[in-house]
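Trainee: First, the structure itself, so that you have it in front of you.
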Amino acid sequence: MTYLESPGVSLDRRSVLALPALLGLRAPGAASTSERLDFESFTAHCKALVDEHLKGDGSLHEALLLDLAQAGARLDARDVPRPQFGAFGGYEPRIGFGPVHKAPPFMVIQWQLDPHAVLPPHNHTPVHVVSLCLEGECLVRHFDLEGEAPPVGQPGEFHLRQTRAQLLRPGHASSLTPKRDNIHTFRAGPAGALGIDLNVFLPGAGDWSMIAGEPLADDGYAPTHKARWIGKPKG
């Protein structure tokens, strides 16, 4: 089974943190960007950002993601609790997930990828996600639907367009929304990777599925793939 492999892809090593760093942006009431955050302060600050965002019309979600990523860059990784990881999907090398903060609609899920582990591409239910690397490194690749696709879980071929390829290292982040970069896949480096997903769950029904596919075309700009839904893994 092929999980949207694309040998020779060029890496965009810039993270989502670049823009606020350039503009000197800071969320109201935030501590100095030179100060590290322990995990308790980090989650309290992120929850406050999410609550403030949801009080509005929700249209400034990109600003919210930038603020969350900026907070993540200041997080002291040594203070992040280590959960009991549950093995995910029976994949080898092993992939594990475990919750470390639950305050709906904001949740923090920690992920652990063994060396060279691959988390296959998958879509997301109505949720904004910031993925932050804490240890090691991994390549994350994002895709959007190109044209129409069958409902999630239904048979039929569809096309994907690669929108981002980024090497995540400690303190670097990548994000997605229901409308952009919504499908992503991870490949861990030789030392494995540890990180967290900051999830902001949104109203509305949704479903998710793993995706298999193969390259369709690569013009050196935005490779496209043909793909199909393959459902949720067992375990």
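Order determines the names: the first chain of the structure tokens is A, the second B, and so forth; residues in each chain are numbered 1 upward, and ligands are numbered 1 upward as they are shown.
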Running DSSP on the backbone, which parts of region 47-224 of chain A land in alpha helix (DSSP H), as a list of chain:residue names?
Mentor: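 Alpha helix (DSSP H) members of region 47-224 of chain A, listed: A:Lys47, A:Ala48, A:Leu49, A:Val50, A:Asp51, A:Glu52, A:His53, A:Leu54, A:Lys55, A:His61, A:Glu62, A:Ala63, A:Leu64, A:Leu65, A:Leu66, A:Asp67, A:Leu68, A:Ala69, A:Gln70, A:Ala71, A:Gly72, A:Ala73, A:Arg74.
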Trainee: What's around Gln84 (chain A) at 12 Å? Count only C-alpha atoms, leave out sequence neighbours fewer than 5 positions away in its own chain, and write the answer as a list in words.
Mentor: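 Non-adjacent residues within range: Gly96, Phe97, Gly98, Pro99, Val100, Ile109, Gln110, Trp111 and Gln112 of chain A.
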Trainee: Ranking A:Cys138, A:Ser175, A:Leu132, A:Thr224 by minimum distance to Ala191 (chain A) and counting only C-alpha atoms, which one comes first?
Mentor: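 Nearest to Ala191 (chain A): A:Cys138.
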Trainee: CA of Val130 (chain A) and CA of Pro223 (chain A), how far apart in Å?
Mentor: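 Separating CA of Pro223 (chain A) from CA of Val130 (chain A) is a distance of 23.3 Å.
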Trainee: Give me the residues within 9 Å of Arg180 (chain A) as a VMD selection string, counting only C-alpha atoms and dropping any in the same chain fewer than 5 places off.
Mentor: chain A and resid 142 to 144 163
Trainee: Take the selection from the previous step and output its residues with N, CA and C atoms, as a tab-separated table (two decimals), in the first residue's frame.
Mentor:
chain	number	residue	atom	x	y	z
A	142	HIS	N	1.62	18.25	3.73
A	142	HIS	CA	0.20	18.61	3.72
A	142	HIS	C	-0.36	18.56	2.31
A	143	PHE	N	-1.66	18.29	2.24
A	143	PHE	CA	-2.36	18.21	0.95
A	143	PHE	C	-3.75	18.84	1.07
A	144	ASP	N	-4.24	19.32	-0.05
A	144	ASP	CA	-5.64	19.73	-0.19
A	144	ASP	C	-6.30	18.89	-1.27
A	163	THR	N	0.52	20.83	-0.67
A	163	THR	CA	0.55	22.25	-0.35
A	163	THR	C	1.75	22.65	0.50
Trainee: Looking at only C-alpha atoms, which of A:Pro126, A:Gly206, A:Pro83, A:Pro178 is the one that sits closest to Val152 (chain A)?
Mentor: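 Of the candidates, the smallest distance to Val152 (chain A) is held by A:Gly206.
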Trainee: Please identify all polymer residues within 10 Å of Leu202 (chain A), counting only C-alpha atoms, omitting same-chain residues fewer than 5 positions from it, and present them as a list in words.
Mentor: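 My list of contacting residues is Leu54, Gly58, Pro104, Pro105, Phe106, Thr125, Pro126, Val127, His128 and Pro178 of chain A.
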Trainee: Neighbours of Val129 (chain A) within 6 Å (only C-alpha atoms; same-chain residues fewer than 6 positions away dropped), as a list in words?
Mentor: Ser175, Leu176, Leu198 and Asn199 of chain A
Trainee: Take the residues just selected and output them with C-alpha atoms as a PDB file, in the first residue's frame.
Mentor:
ATOM      1  CA  SER A 175      -0.847  23.919  11.166  1.00  0.00           C
ATOM      2  CA  LEU A 176      -4.020  23.040   9.304  1.00  0.00           C
ATOM      3  CA  LEU A 198      -2.960  21.575  19.778  1.00  0.00           C
ATOM      4  CA  ASN A 199      -6.549  20.873  18.738  1.00  0.00           C
TER       5      ASN A 199
END
Trainee: Give me the residues of region 90-136 of chain A that have any atom at most 12 Å from an atom of region 212-222 of chain A; for each, the nearest atom pair and the distance in Å, rounded to one decimal. Use only C-alpha atoms, sort by chain and number, and format it as CSV.
Mentor:
residue,atom,partner,partner_atom,distance
A:Leu119,CA,A:Ala212,CA,11.5
A:Pro120,CA,A:Ala212,CA,7.8
A:Pro121,CA,A:Ala212,CA,7.4
A:His122,CA,A:Ala212,CA,8.9
A:Asn123,CA,A:Ala212,CA,11.6
Trainee: Just the residues within 12 Å of Ala188 (chain A), please, counting only C-alpha atoms, with nothing from its chain fewer than 6 positions along; format it as an MDAnalysis selection string.
Mentor: chainID A and resid 92:95 111:120 133 135:141 166:169 194:195
Trainee: Could you tell me how far CA of Arg74 (chain A) sits from CA of Ser174 (chain A), in Å to one decimal place?
Mentor: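 CA of Arg74 (chain A) lies 15.1 Å from CA of Ser174 (chain A).
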Trainee: Using DSSP on the backbone coordinates, identify the residues of region 5-231 of chain A assigned to strand (DSSP E); present them as number ranges by chain.
Mentor: A: 86-87, 95-103, 106-113, 118-122, 127-146, 158-168, 173-176, 183-201, 210-217, 224-231
Trainee: Have a look at CA of Pro151 (chain A) and CA of Arg164 (chain A) and let me know their distance in Å, one decimal.
Mentor: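 Taking CA of Pro151 (chain A) and CA of Arg164 (chain A), their separation equals 23.8 Å.
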Trainee: Which residue, A:His101, A:His159, A:Arg78, A:His172, has the smallest gap to Arg36 (chain A) when you use only C-alpha atoms?
Mentor: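 Between A:His101, A:His159, A:Arg78, A:His172, the residue approaching Arg36 (chain A) most closely is A:Arg78.
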